[in-house]
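Student: Contents of work26.cif (mmCIF, N, CA and C atoms):
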```cif
data_target
#
loop_
_atom_site.label_atom_id
_atom_site.label_comp_id
_atom_site.auth_asym_id
_atom_site.auth_seq_id
_atom_site.Cartn_x
_atom_site.Cartn_y
_atom_site.Cartn_z
N MET A 1 0.85 -1.19 0.00
CA MET A 1 0.00 0.00 0.00
C MET A 1 0.89 1.25 0.00
N PRO A 2 0.60 2.19 -0.88
CA PRO A 2 1.41 3.42 -0.91
C PRO A 2 1.22 4.23 0.37
N ARG A 3 2.24 5.00 0.68
CA ARG A 3 2.17 5.85 1.87
C ARG A 3 1.25 7.04 1.61
N GLN A 4 0.63 7.48 2.69
CA GLN A 4 -0.22 8.67 2.62
C GLN A 4 0.11 9.56 3.81
N VAL A 5 -0.07 10.85 3.62
CA VAL A 5 0.14 11.82 4.67
C VAL A 5 -1.19 12.52 4.93
N GLN A 6 -1.54 12.60 6.20
CA GLN A 6 -2.75 13.33 6.59
C GLN A 6 -2.31 14.59 7.31
N TYR A 7 -3.00 15.68 7.03
CA TYR A 7 -2.67 16.96 7.66
C TYR A 7 -3.91 17.84 7.70
N THR A 8 -3.82 18.86 8.52
CA THR A 8 -4.88 19.86 8.59
C THR A 8 -4.31 21.16 8.06
N PHE A 9 -5.00 21.75 7.09
CA PHE A 9 -4.56 23.02 6.53
C PHE A 9 -5.70 24.01 6.65
N LYS A 10 -5.50 25.02 7.47
CA LYS A 10 -6.49 26.06 7.71
C LYS A 10 -7.84 25.46 8.09
N GLY A 11 -7.79 24.47 8.99
CA GLY A 11 -9.01 23.88 9.53
C GLY A 11 -9.60 22.74 8.72
N GLU A 12 -9.05 22.44 7.57
CA GLU A 12 -9.58 21.37 6.71
C GLU A 12 -8.62 20.19 6.72
N ILE A 13 -9.13 18.99 7.05
CA ILE A 13 -8.31 17.78 7.08
C ILE A 13 -8.17 17.25 5.65
N LYS A 14 -6.92 16.93 5.26
CA LYS A 14 -6.65 16.45 3.92
C LYS A 14 -5.71 15.25 3.99
N VAL A 15 -5.79 14.38 2.98
CA VAL A 15 -4.91 13.22 2.85
C VAL A 15 -4.33 13.25 1.44
N ILE A 16 -3.00 13.10 1.35
CA ILE A 16 -2.33 13.11 0.05
C ILE A 16 -1.42 11.89 -0.06
N PRO A 17 -1.14 11.44 -1.28
CA PRO A 17 -0.15 10.37 -1.45
C PRO A 17 1.25 10.91 -1.20
N PHE A 18 2.15 10.03 -0.75
CA PHE A 18 3.51 10.45 -0.44
C PHE A 18 4.50 9.47 -1.02
N SER A 19 5.59 10.01 -1.57
CA SER A 19 6.67 9.19 -2.11
C SER A 19 8.00 9.83 -1.75
N PHE A 20 8.92 9.03 -1.20
CA PHE A 20 10.25 9.55 -0.89
C PHE A 20 11.03 9.91 -2.14
N SER A 21 10.63 9.42 -3.30
CA SER A 21 11.31 9.79 -4.54
C SER A 21 10.98 11.23 -4.96
N GLN A 22 9.89 11.77 -4.44
CA GLN A 22 9.50 13.13 -4.79
C GLN A 22 9.78 14.14 -3.68
N HIS A 23 9.70 13.71 -2.42
CA HIS A 23 9.86 14.63 -1.29
C HIS A 23 10.76 14.01 -0.23
N HIS A 24 11.46 14.85 0.51
CA HIS A 24 12.34 14.38 1.58
C HIS A 24 11.57 13.98 2.83
N ASP A 25 10.47 14.66 3.10
CA ASP A 25 9.69 14.38 4.30
C ASP A 25 8.24 14.84 4.08
N PRO A 26 7.36 14.48 5.01
CA PRO A 26 5.94 14.84 4.83
C PRO A 26 5.70 16.35 4.83
N TYR A 27 6.56 17.12 5.52
CA TYR A 27 6.39 18.57 5.55
C TYR A 27 6.54 19.16 4.15
N GLU A 28 7.55 18.71 3.42
CA GLU A 28 7.73 19.21 2.05
C GLU A 28 6.58 18.78 1.16
N ALA A 29 6.05 17.58 1.37
CA ALA A 29 4.95 17.08 0.55
C ALA A 29 3.68 17.92 0.74
N VAL A 30 3.35 18.24 1.99
CA VAL A 30 2.13 19.02 2.23
C VAL A 30 2.28 20.45 1.72
N ALA A 31 3.47 21.01 1.82
CA ALA A 31 3.69 22.36 1.29
C ALA A 31 3.52 22.35 -0.23
N ALA A 32 4.06 21.34 -0.88
CA ALA A 32 3.93 21.25 -2.34
C ALA A 32 2.46 21.06 -2.74
N ALA A 33 1.73 20.26 -1.96
CA ALA A 33 0.31 20.03 -2.26
C ALA A 33 -0.50 21.31 -2.16
N GLU A 34 -0.09 22.21 -1.29
CA GLU A 34 -0.81 23.48 -1.12
C GLU A 34 -0.20 24.62 -1.93
N GLY A 35 0.85 24.32 -2.70
CA GLY A 35 1.46 25.33 -3.57
C GLY A 35 2.31 26.35 -2.84
N ILE A 36 2.91 25.96 -1.72
CA ILE A 36 3.73 26.88 -0.93
C ILE A 36 5.20 26.68 -1.28
N ASP A 37 5.89 27.76 -1.61
CA ASP A 37 7.31 27.71 -1.93
C ASP A 37 8.13 27.71 -0.64
N LEU A 38 8.96 26.70 -0.45
CA LEU A 38 9.74 26.56 0.78
C LEU A 38 11.20 27.01 0.63
N THR A 39 11.54 27.70 -0.42
CA THR A 39 12.94 28.08 -0.67
C THR A 39 13.53 28.85 0.50
N ARG A 40 12.88 29.91 0.93
CA ARG A 40 13.40 30.72 2.04
C ARG A 40 13.38 29.95 3.36
N PHE A 41 12.33 29.17 3.56
CA PHE A 41 12.22 28.37 4.78
C PHE A 41 13.39 27.38 4.87
N LEU A 42 13.69 26.68 3.77
CA LEU A 42 14.77 25.69 3.77
C LEU A 42 16.13 26.35 3.99
N GLN A 43 16.32 27.55 3.47
CA GLN A 43 17.57 28.28 3.70
C GLN A 43 17.72 28.62 5.19
N MET A 44 16.67 29.09 5.80
CA MET A 44 16.71 29.43 7.23
C MET A 44 16.92 28.18 8.07
N GLU A 45 16.25 27.10 7.70
CA GLU A 45 16.41 25.84 8.44
C GLU A 45 17.85 25.34 8.35
N GLN A 46 18.46 25.50 7.19
CA GLN A 46 19.86 25.09 7.02
C GLN A 46 20.78 25.94 7.90
N GLN A 47 20.51 27.22 8.01
CA GLN A 47 21.32 28.09 8.88
C GLN A 47 21.16 27.69 10.34
N ILE A 48 19.96 27.34 10.75
CA ILE A 48 19.73 26.90 12.12
C ILE A 48 20.48 25.60 12.38
N ALA A 49 20.47 24.70 11.41
CA ALA A 49 21.17 23.42 11.55
C ALA A 49 22.68 23.64 11.71
N MET A 50 23.22 24.61 11.00
CA MET A 50 24.66 24.86 11.07
C MET A 50 25.06 25.50 12.40
N THR A 51 24.16 26.25 13.00
CA THR A 51 24.51 26.96 14.24
C THR A 51 24.11 26.21 15.50
N SER A 52 23.25 25.20 15.38
CA SER A 52 22.84 24.46 16.57
C SER A 52 23.62 23.15 16.66
N LYS A 53 23.59 22.55 17.83
CA LYS A 53 24.26 21.28 18.04
C LYS A 53 23.56 20.19 17.24
N LYS A 54 24.35 19.19 16.83
CA LYS A 54 23.79 18.06 16.09
C LYS A 54 22.75 17.36 16.97
N GLY A 55 21.56 17.16 16.43
CA GLY A 55 20.48 16.51 17.18
C GLY A 55 19.74 17.44 18.12
N ALA A 56 20.04 18.73 18.04
CA ALA A 56 19.37 19.69 18.93
C ALA A 56 17.91 19.86 18.54
N LYS A 57 17.12 20.34 19.47
CA LYS A 57 15.69 20.54 19.25
C LYS A 57 15.39 21.76 18.39
N ALA A 58 16.36 22.61 18.18
CA ALA A 58 16.12 23.88 17.49
C ALA A 58 15.52 23.68 16.11
N GLU A 59 16.03 22.74 15.35
CA GLU A 59 15.51 22.51 14.00
C GLU A 59 14.06 22.05 14.02
N ARG A 60 13.75 21.06 14.86
CA ARG A 60 12.38 20.56 14.95
C ARG A 60 11.42 21.65 15.40
N ASP A 61 11.83 22.42 16.40
CA ASP A 61 10.97 23.49 16.90
C ASP A 61 10.73 24.54 15.83
N PHE A 62 11.77 24.90 15.08
CA PHE A 62 11.63 25.88 14.02
C PHE A 62 10.65 25.37 12.96
N ARG A 63 10.84 24.11 12.55
CA ARG A 63 9.98 23.52 11.52
C ARG A 63 8.52 23.51 11.97
N ARG A 64 8.28 23.03 13.17
CA ARG A 64 6.90 22.98 13.67
C ARG A 64 6.26 24.36 13.78
N SER A 65 6.99 25.30 14.32
CA SER A 65 6.42 26.63 14.51
C SER A 65 6.16 27.33 13.18
N GLU A 66 7.05 27.16 12.22
CA GLU A 66 6.84 27.81 10.92
C GLU A 66 5.68 27.18 10.16
N PHE A 67 5.54 25.86 10.25
CA PHE A 67 4.41 25.23 9.56
C PHE A 67 3.09 25.58 10.24
N LEU A 68 3.09 25.74 11.55
CA LEU A 68 1.89 26.22 12.24
C LEU A 68 1.55 27.63 11.78
N ARG A 69 2.57 28.47 11.63
CA ARG A 69 2.36 29.83 11.17
C ARG A 69 1.78 29.86 9.76
N MET A 70 2.19 28.89 8.92
CA MET A 70 1.68 28.81 7.54
C MET A 70 0.25 28.27 7.48
N GLY A 71 -0.24 27.70 8.59
CA GLY A 71 -1.61 27.20 8.61
C GLY A 71 -1.73 25.68 8.68
N PHE A 72 -0.60 24.97 8.82
CA PHE A 72 -0.61 23.51 8.87
C PHE A 72 -0.67 23.02 10.31
N ALA A 73 -1.26 21.85 10.51
CA ALA A 73 -1.29 21.20 11.82
C ALA A 73 -1.42 19.70 11.61
N ASN A 74 -1.03 18.94 12.61
CA ASN A 74 -1.22 17.48 12.63
C ASN A 74 -0.69 16.77 11.39
N ILE A 75 0.52 17.06 10.98
CA ILE A 75 1.12 16.43 9.81
C ILE A 75 1.69 15.08 10.24
N HIS A 76 1.17 14.01 9.64
CA HIS A 76 1.66 12.68 10.00
C HIS A 76 1.33 11.67 8.90
N PHE A 77 2.10 10.56 8.90
CA PHE A 77 1.81 9.46 7.99
C PHE A 77 0.55 8.74 8.46
N VAL A 78 -0.26 8.29 7.51
CA VAL A 78 -1.47 7.54 7.83
C VAL A 78 -1.07 6.09 8.09
N GLN A 79 -1.49 5.55 9.21
CA GLN A 79 -1.23 4.15 9.55
C GLN A 79 -2.20 3.25 8.78
N ASP A 80 -1.80 2.01 8.57
CA ASP A 80 -2.66 1.07 7.83
C ASP A 80 -4.01 0.89 8.49
N ASP A 81 -4.05 0.88 9.84
CA ASP A 81 -5.30 0.64 10.53
C ASP A 81 -6.08 1.93 10.83
N GLU A 82 -5.51 3.08 10.44
CA GLU A 82 -6.16 4.37 10.68
C GLU A 82 -7.17 4.64 9.58
N GLU A 83 -8.34 5.10 9.96
CA GLU A 83 -9.36 5.44 8.97
C GLU A 83 -9.24 6.90 8.59
N SER A 84 -9.43 7.19 7.32
CA SER A 84 -9.34 8.58 6.84
C SER A 84 -10.57 9.36 7.17
#
```
Please express the file's structure as structure tokens.

Tutor:
Amino acid sequence: MPRQVQYTFKGEIKVIPFSFSQHHDPYEAVAAAEGIDLTRFLQMEQQIAMTSKKGAKAERDFRRSEFLRMGFANIHFVQDDEES
């Protein structure tokens, strides 16, 4: 069964197909599905990664807060037993 990502965008729950050949992670997939350009976001995230300790929470916190600011919530892979 192909992977799917479920997310909430501006209050509406959506499910999209996901492939690692097209996207690095579910965050990039949902942004692409909504037509959001992540160029500046990825540059900032890279700068945070270079200045923070390896494995630090800073990157995850930045990613979550920025996607919340963009209107996304509850981004996760759909489990086989989970109903859409």

Student: In Å to one decimal, how far is atom C of A:Pro17 from atom CA of A:Arg64?

Tutor: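 Answer for the atom CA of A:Arg64 to atom C of A:Pro17 separation: 20.0 Å.
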
Student: Can you turn the PyMOL selection byres ((chain A and resi 15) around 5) into a concrete residue list for this file, as a list in words?

Tutor: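 When the PyMOL selection byres ((chain A and resi 15) around 5) is applied to the shown file, the picked residues are Val5, Gln6, Ile13, Lys14, Ile16 and Pro17 of chain A.
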
Student: List as an NGL selection string the protein and nucleic acid residues near A:Gly71, meaning an atom at most 7 Å away when all atoms listed in the file are counted, but skip any in the same chain fewer than 3 places from it.

Tutor: :A and (8-11 or 66-68)

Student: Please, which residues of chain A, numbered as in this document, come out strand (DSSP E) from DSSP, as number ranges by chain?

Tutor: A: 3-9, 12-18, 72-77

Student: Quick one: of A:Tyr7, A:Asp61, A:Leu42, A:Gln47, who's nearest to A:Val30, counting all atoms listed in the file?

Tutor: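 Checking each candidate against A:Val30, we get A:Tyr7 as the closest.
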
Student: I need the helix (DSSP H, G or I) residues of stretch 23-71 of chain A per DSSP on the backbone, written as a PyMOL selection string.

Tutor: chain A and resi 26-33+39-51+58-70

Student: If we count all atoms listed in the file, what is near A:Glu59 at a cut-off of 7 Å, once residues fewer than 5 positions away on the same chain are taken out, given as a PDB file with N, CA and C atoms, in the coordinates of the input?

Tutor:
```
ATOM      1  N   GLU A  45      16.250  27.100   7.700  1.00  0.00           N
ATOM      2  CA  GLU A  45      16.410  25.840   8.440  1.00  0.00           C
ATOM      3  C   GLU A  45      17.850  25.340   8.350  1.00  0.00           C
ATOM      4  N   ILE A  48      19.960  27.340  10.750  1.00  0.00           N
ATOM      5  CA  ILE A  48      19.730  26.900  12.120  1.00  0.00           C
ATOM      6  C   ILE A  48      20.480  25.600  12.380  1.00  0.00           C
ATOM      7  N   ALA A  49      20.470  24.700  11.410  1.00  0.00           N
ATOM      8  CA  ALA A  49      21.170  23.420  11.550  1.00  0.00           C
ATOM      9  C   ALA A  49      22.680  23.640  11.710  1.00  0.00           C
ATOM     10  N   ARG A  64       8.280  23.030  13.170  1.00  0.00           N
ATOM     11  CA  ARG A  64       6.900  22.980  13.670  1.00  0.00           C
ATOM     12  C   ARG A  64       6.260  24.360  13.780  1.00  0.00           C
TER      13      ARG A  64
END
```

Student: Using only C-alpha atoms, collect all residues at a distance of at most 10 Å from (9.3, 24.1, 5.5) as written in the file, then present them as a list of chain:residue names.

Tutor: A:Asp25, A:Pro26, A:Tyr27, A:Glu28, A:Ala29, A:Val30, A:Ala31, A:Ala32, A:Ile36, A:Asp37, A:Leu38, A:Thr39, A:Arg40, A:Phe41, A:Leu42, A:Gln43, A:Met44, A:Glu45, A:Phe62, A:Arg63, A:Arg64, A:Ser65, A:Glu66, A:Phe67, A:Met70

Student: If I take atom N of A:Gly35 and atom C of A:Gln22, how far is one from the other in Å, to one decimal?

Tutor: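 Between atom N of A:Gly35 and atom C of A:Gln22 the gap works out to 13.6 Å.
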
Student: Could you please determine the separation between atom CA of A:Ala73 and atom CA of A:Phe18 in Å, to one decimal place?

Tutor: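 These atoms are spaced 17.0 Å apart.
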
Student: Determine the residue set returned by the PyMOL selection byres (((chain A and resi 78 and name CA) around 7) and name CA) for the present structure, and present it as a list in words.

Tutor: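 Evaluating the PyMOL selection byres (((chain A and resi 78 and name CA) around 7) and name CA) on these coordinates yields Gln4, Val5, Gln6, His76, Phe77, Gln79, Asp80 and Glu82 of chain A.
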
Student: The selected residues should be written to file as a PDB file, in the coordinates of the input (atoms: N, CA and C atoms).

Tutor:
```pdb
ATOM      1  N   GLN A   4       0.630   7.480   2.690  1.00  0.00           N
ATOM      2  CA  GLN A   4      -0.220   8.670   2.620  1.00  0.00           C
ATOM      3  C   GLN A   4       0.110   9.560   3.810  1.00  0.00           C
ATOM      4  N   VAL A   5      -0.070  10.850   3.620  1.00  0.00           N
ATOM      5  CA  VAL A   5       0.140  11.820   4.670  1.00  0.00           C
ATOM      6  C   VAL A   5      -1.190  12.520   4.930  1.00  0.00           C
ATOM      7  N   GLN A   6      -1.540  12.600   6.200  1.00  0.00           N
ATOM      8  CA  GLN A   6      -2.750  13.330   6.590  1.00  0.00           C
ATOM      9  C   GLN A   6      -2.310  14.590   7.310  1.00  0.00           C
ATOM     10  N   HIS A  76       1.170  14.010   9.640  1.00  0.00           N
ATOM     11  CA  HIS A  76       1.660  12.680  10.000  1.00  0.00           C
ATOM     12  C   HIS A  76       1.330  11.670   8.900  1.00  0.00           C
ATOM     13  N   PHE A  77       2.100  10.560   8.900  1.00  0.00           N
ATOM     14  CA  PHE A  77       1.810   9.460   7.990  1.00  0.00           C
ATOM     15  C   PHE A  77       0.550   8.740   8.460  1.00  0.00           C
ATOM     16  N   GLN A  79      -1.490   5.550   9.210  1.00  0.00           N
ATOM     17  CA  GLN A  79      -1.230   4.150   9.550  1.00  0.00           C
ATOM     18  C   GLN A  79      -2.200   3.250   8.780  1.00  0.00           C
ATOM     19  N   ASP A  80      -1.800   2.010   8.570  1.00  0.00           N
ATOM     20  CA  ASP A  80      -2.660   1.070   7.830  1.00  0.00           C
ATOM     21  C   ASP A  80      -4.010   0.890   8.490  1.00  0.00           C
ATOM     22  N   GLU A  82      -5.510   3.080  10.440  1.00  0.00           N
ATOM     23  CA  GLU A  82      -6.160   4.370  10.680  1.00  0.00           C
ATOM     24  C   GLU A  82      -7.170   4.640   9.580  1.00  0.00           C
TER      25      GLU A  82
END
```

Student: Would you kindly place N, CA, C and O atoms on stretch 11-36 of chain A and return the model as a PDB file, in the coordinates of the input?

Tutor:
```
ATOM      1  N   GLY A  11      -7.790  24.470   8.990  1.00  0.00           N
ATOM      2  CA  GLY A  11      -9.010  23.880   9.530  1.00  0.00           C
ATOM      3  C   GLY A  11      -9.600  22.740   8.720  1.00  0.00           C
ATOM      4  O   GLY A  11     -10.569  22.131   9.136  1.00  0.00           O
ATOM      5  N   GLU A  12      -9.050  22.440   7.570  1.00  0.00           N
ATOM      6  CA  GLU A  12      -9.580  21.370   6.710  1.00  0.00           C
ATOM      7  C   GLU A  12      -8.620  20.190   6.720  1.00  0.00           C
ATOM      8  O   GLU A  12      -7.434  20.330   6.416  1.00  0.00           O
ATOM      9  N   ILE A  13      -9.130  18.990   7.050  1.00  0.00           N
ATOM     10  CA  ILE A  13      -8.310  17.780   7.080  1.00  0.00           C
ATOM     11  C   ILE A  13      -8.170  17.250   5.650  1.00  0.00           C
ATOM     12  O   ILE A  13      -9.167  17.109   4.927  1.00  0.00           O
ATOM     13  N   LYS A  14      -6.920  16.930   5.260  1.00  0.00           N
ATOM     14  CA  LYS A  14      -6.650  16.450   3.920  1.00  0.00           C
ATOM     15  C   LYS A  14      -5.710  15.250   3.990  1.00  0.00           C
ATOM     16  O   LYS A  14      -4.926  15.119   4.919  1.00  0.00           O
ATOM     17  N   VAL A  15      -5.790  14.380   2.980  1.00  0.00           N
ATOM     18  CA  VAL A  15      -4.910  13.220   2.850  1.00  0.00           C
ATOM     19  C   VAL A  15      -4.330  13.250   1.440  1.00  0.00           C
ATOM     20  O   VAL A  15      -5.072  13.399   0.460  1.00  0.00           O
ATOM     21  N   ILE A  16      -3.000  13.100   1.350  1.00  0.00           N
ATOM     22  CA  ILE A  16      -2.330  13.110   0.050  1.00  0.00           C
ATOM     23  C   ILE A  16      -1.420  11.890  -0.060  1.00  0.00           C
ATOM     24  O   ILE A  16      -0.948  11.370   0.951  1.00  0.00           O
ATOM     25  N   PRO A  17      -1.140  11.440  -1.280  1.00  0.00           N
ATOM     26  CA  PRO A  17      -0.150  10.370  -1.450  1.00  0.00           C
ATOM     27  C   PRO A  17       1.250  10.910  -1.200  1.00  0.00           C
ATOM     28  O   PRO A  17       1.517  12.096  -1.411  1.00  0.00           O
ATOM     29  N   PHE A  18       2.150  10.030  -0.750  1.00  0.00           N
ATOM     30  CA  PHE A  18       3.510  10.450  -0.440  1.00  0.00           C
ATOM     31  C   PHE A  18       4.500   9.470  -1.020  1.00  0.00           C
ATOM     32  O   PHE A  18       4.305   8.259  -0.939  1.00  0.00           O
ATOM     33  N   SER A  19       5.590  10.010  -1.570  1.00  0.00           N
ATOM     34  CA  SER A  19       6.670   9.190  -2.110  1.00  0.00           C
ATOM     35  C   SER A  19       8.000   9.830  -1.750  1.00  0.00           C
ATOM     36  O   SER A  19       8.197  11.028  -1.979  1.00  0.00           O
ATOM     37  N   PHE A  20       8.920   9.030  -1.200  1.00  0.00           N
ATOM     38  CA  PHE A  20      10.250   9.550  -0.890  1.00  0.00           C
ATOM     39  C   PHE A  20      11.030   9.910  -2.140  1.00  0.00           C
ATOM     40  O   PHE A  20      11.992  10.663  -2.079  1.00  0.00           O
ATOM     41  N   SER A  21      10.630   9.420  -3.300  1.00  0.00           N
ATOM     42  CA  SER A  21      11.310   9.790  -4.540  1.00  0.00           C
ATOM     43  C   SER A  21      10.980  11.230  -4.960  1.00  0.00           C
ATOM     44  O   SER A  21      11.728  11.837  -5.723  1.00  0.00           O
ATOM     45  N   GLN A  22       9.890  11.770  -4.440  1.00  0.00           N
ATOM     46  CA  GLN A  22       9.500  13.130  -4.790  1.00  0.00           C
ATOM     47  C   GLN A  22       9.780  14.140  -3.680  1.00  0.00           C
ATOM     48  O   GLN A  22      10.051  15.307  -3.966  1.00  0.00           O
ATOM     49  N   HIS A  23       9.700  13.710  -2.420  1.00  0.00           N
ATOM     50  CA  HIS A  23       9.860  14.630  -1.290  1.00  0.00           C
ATOM     51  C   HIS A  23      10.760  14.010  -0.230  1.00  0.00           C
ATOM     52  O   HIS A  23      10.771  12.792  -0.055  1.00  0.00           O
ATOM     53  N   HIS A  24      11.460  14.850   0.510  1.00  0.00           N
ATOM     54  CA  HIS A  24      12.340  14.380   1.580  1.00  0.00           C
ATOM     55  C   HIS A  24      11.570  13.980   2.830  1.00  0.00           C
ATOM     56  O   HIS A  24      11.978  13.099   3.565  1.00  0.00           O
ATOM     57  N   ASP A  25      10.470  14.660   3.100  1.00  0.00           N
ATOM     58  CA  ASP A  25       9.690  14.380   4.300  1.00  0.00           C
ATOM     59  C   ASP A  25       8.240  14.840   4.080  1.00  0.00           C
ATOM     60  O   ASP A  25       7.933  15.504   3.090  1.00  0.00           O
ATOM     61  N   PRO A  26       7.360  14.480   5.010  1.00  0.00           N
ATOM     62  CA  PRO A  26       5.940  14.840   4.830  1.00  0.00           C
ATOM     63  C   PRO A  26       5.700  16.350   4.830  1.00  0.00           C
ATOM     64  O   PRO A  26       4.756  16.834   4.210  1.00  0.00           O
ATOM     65  N   TYR A  27       6.560  17.120   5.520  1.00  0.00           N
ATOM     66  CA  TYR A  27       6.390  18.570   5.550  1.00  0.00           C
ATOM     67  C   TYR A  27       6.540  19.160   4.150  1.00  0.00           C
ATOM     68  O   TYR A  27       5.753  20.021   3.735  1.00  0.00           O
ATOM     69  N   GLU A  28       7.550  18.710   3.420  1.00  0.00           N
ATOM     70  CA  GLU A  28       7.730  19.210   2.050  1.00  0.00           C
ATOM     71  C   GLU A  28       6.580  18.780   1.160  1.00  0.00           C
ATOM     72  O   GLU A  28       6.162  19.528   0.276  1.00  0.00           O
ATOM     73  N   ALA A  29       6.050  17.580   1.370  1.00  0.00           N
ATOM     74  CA  ALA A  29       4.950  17.080   0.550  1.00  0.00           C
ATOM     75  C   ALA A  29       3.680  17.920   0.740  1.00  0.00           C
ATOM     76  O   ALA A  29       3.017  18.272  -0.232  1.00  0.00           O
ATOM     77  N   VAL A  30       3.350  18.240   1.990  1.00  0.00           N
ATOM     78  CA  VAL A  30       2.130  19.020   2.230  1.00  0.00           C
ATOM     79  C   VAL A  30       2.280  20.450   1.720  1.00  0.00           C
ATOM     80  O   VAL A  30       1.314  21.021   1.212  1.00  0.00           O
ATOM     81  N   ALA A  31       3.470  21.010   1.820  1.00  0.00           N
ATOM     82  CA  ALA A  31       3.690  22.360   1.290  1.00  0.00           C
ATOM     83  C   ALA A  31       3.520  22.350  -0.230  1.00  0.00           C
ATOM     84  O   ALA A  31       2.896  23.257  -0.790  1.00  0.00           O
ATOM     85  N   ALA A  32       4.060  21.340  -0.880  1.00  0.00           N
ATOM     86  CA  ALA A  32       3.930  21.250  -2.340  1.00  0.00           C
ATOM     87  C   ALA A  32       2.460  21.060  -2.740  1.00  0.00           C
ATOM     88  O   ALA A  32       2.000  21.650  -3.711  1.00  0.00           O
ATOM     89  N   ALA A  33       1.730  20.260  -1.960  1.00  0.00           N
ATOM     90  CA  ALA A  33       0.310  20.030  -2.260  1.00  0.00           C
ATOM     91  C   ALA A  33      -0.500  21.310  -2.160  1.00  0.00           C
ATOM     92  O   ALA A  33      -1.481  21.490  -2.889  1.00  0.00           O
ATOM     93  N   GLU A  34      -0.090  22.210  -1.290  1.00  0.00           N
ATOM     94  CA  GLU A  34      -0.810  23.480  -1.120  1.00  0.00           C
ATOM     95  C   GLU A  34      -0.200  24.620  -1.930  1.00  0.00           C
ATOM     96  O   GLU A  34      -0.633  25.755  -1.842  1.00  0.00           O
ATOM     97  N   GLY A  35       0.850  24.320  -2.700  1.00  0.00           N
ATOM     98  CA  GLY A  35       1.460  25.330  -3.570  1.00  0.00           C
ATOM     99  C   GLY A  35       2.310  26.350  -2.840  1.00  0.00           C
ATOM    100  O   GLY A  35       2.447  27.488  -3.295  1.00  0.00           O
ATOM    101  N   ILE A  36       2.910  25.960  -1.720  1.00  0.00           N
ATOM    102  CA  ILE A  36       3.730  26.880  -0.930  1.00  0.00           C
ATOM    103  C   ILE A  36       5.200  26.680  -1.280  1.00  0.00           C
ATOM    104  O   ILE A  36       5.697  25.550  -1.250  1.00  0.00           O
TER     105      ILE A  36
END
```
